[in-house]
Each structure stands twice: as C-alpha cells, then as structure tokens.
Amino acid sequence: MTMDDQNKDNTAPVKSLPVLCPSVVERYFVRGYKVNLPKGGILSDFCEAKSNMNDVRILRHSNRICIVTMAPTHPALRPGTTITSVSFKVTDKLDRSNNVVSGKRKRGAQWLNPSSPLCIVTCDDGAQHTVFCGIRAKLVEMNERLLSKPKLLQSKTETEGYVAIVMPKLEEANHTMDGLLTGEDYLQYRQKQETLHSVSSDKSPPTSDSNNKI
C-alpha cells in the first residue's frame with residue numbers, strides 16, 4: 001500500500017461524518033419558556049387543564065441579557081396563520097417604542113413584569129394576540145424591524161424575528177430561569193396540551209357545513 005493509499009483510507013471516514021454546526025443561539029444562550037400568559041404557571045398547572053397557549057421563549061445570555069421571542073405554541077404561529085402587523089402601542093397611553101435608555105445601567109428603561117405586554121400581533125384572520133414579557137426585567141429595546149416586516153415573527157423567530165431585548169436586575173439575574181420551563185418541561189407541556197386540545201375537538205358538536213357531510 002502506498003502513502004497515498006494510506007492517506008485516502010484515513011480521510012475517507014472523516015469526510016463521511018455529518019458536520020454538526022450549532023447555531024449562535026445554541027452556543028451562547030439558554031432557553032426557558034413561560035406559558036399560559038398573562039397568568040403564567042408551572043408545568044403541574046397544565047396536567048389536566050388546557051392552557052391558552054400564549055407562550056414566550058426566553059433566551060438568556062451569560063451576560064444576563066435576555067431575548068424574548070414567541071414560543072412555537074403561540075396561537076399566532078399556528079400553521080395556516082399569517083401575521084399581518086405588529087403594534088408596540090399596548091394601551092392608549094403606553095407605547096413600547098417610546099422606551100429610551102442610557103448608560104450601562106439602562107437608565108430610563110421601562111420596567112417589565114412577567115405579565116407586562118410587549119406588543120400586539122394581528123393575524124390575517126382578524127385575531128389579535130398580546131405578547132407578554134414572561135420575566136421581571138428592564139426593557140432595553142423593541143425589535144423595530146417587526147413594524148415593517150411582521151412576518152419575521154414566523155420565519156425567523158429566534159433571530160431577526162425576536163420581540164424584545166430585556167435585562168433583569170443584577171441581583172435577580174442568576175435566578176432568571178428559575179420560574180421558567182426547561183426545554184424538557186416544555187416538550188411535556190406541548191404533548192399534554194396537544195392531547196387536551198385534541199380531546200376537546202373530538203367532543204365538539206358537528207357543524208352544518210356541507211363539506212362536513214359524510
């Protein structure tokens with residue numbers, strides 16, 4: 001066997017292995033989930049009762065910055081639904097786009113609780129959904145690209161389609177994820193809710209639509 005043959009034999013298995021490239025989110029952020037907002041709750045709360053599925057995902061960086069995104073279970077992300085607009089004016093007197101911060105301590109930032117509304121999402125079927133913060137934190141910035149490109153919420157949920165960047169208090173930063181579901185908990189939650197919603201649909205009375213005739 002020649003040296004070239006040996007080199008070929010040594011490199012062949014390496015080339016056949018799949019290349020796994022974790023995303024930026026997977027490399028630098030920890031995922032947590034707050035579900036059934038604005039009320040919220042823990043996993044055991046949804047063992048027997050349906051959730052409204054108004055859920056958010058929190059991406060926490062090691063520098064304590066957190067990114068709020070919509071969780072896959074959010075009603076606005078259901079298949080067949082198209083998001084047509086996003087508004088940061090959550091009440092008559094409060095517009096999140098007016099948030100102005102300065103300095104490392106983010107002076108002047110709006111203070112948010114888990115049930116604080118961040119924006120209102122409108123879908124093509126006329127439904128409106130309020131997206132909530134999910135954690136206690138200061139508002140650093142809203143994703144203003146959503147105003148002109150609302151569909152980013154659906155197409156690039158964890159990246160360009162994030163909702164807001166927030167920052168917990170320094171003394172609370174280490175416990176930011178304590179009140180959130182882990183990835184494993186969230187999967188259990190999704191499976192349980194799919195079962196509950198499926199059972200509910202099976203019990204629904206038949207409609208009079210001619211397309212449903214047997």
# chains A, B, ... in the order shown; residues from 1 in each chain; ligands from 1
$ select_by_dssp --residues "segment 23-158 of chain A" --states "alpha helix (DSSP H)" --output "PyMOL selection string"
chain A and resi 24-28+145-148+152-155
$ select_by_dssp --residues "segment 54-152 of chain A" --states "strand (DSSP E or B)" --output "PyMOL selection string"
chain A and resi 56-61+66-70+83-87+89+95+102+107+111-112+117-123+128-132+137-142
$ residues_around --residues "Pro75 of chain A" --least-positions-apart "3" --cutoff "7 Å" --atoms "only C-alpha atoms" --output "VMD selection string"
chain A and resid 53 to 54 78
$ closest_residue --among "A:Ile120, A:Val35, A:Val140, A:Val25" --to "Tyr189 of chain A" --atoms "only C-alpha atoms"
A:Val35
$ atom_distance --atom1 "atom CA of Pro114 of chain A" --atom2 "atom CA of Arg136 of chain A"
5.5 Å
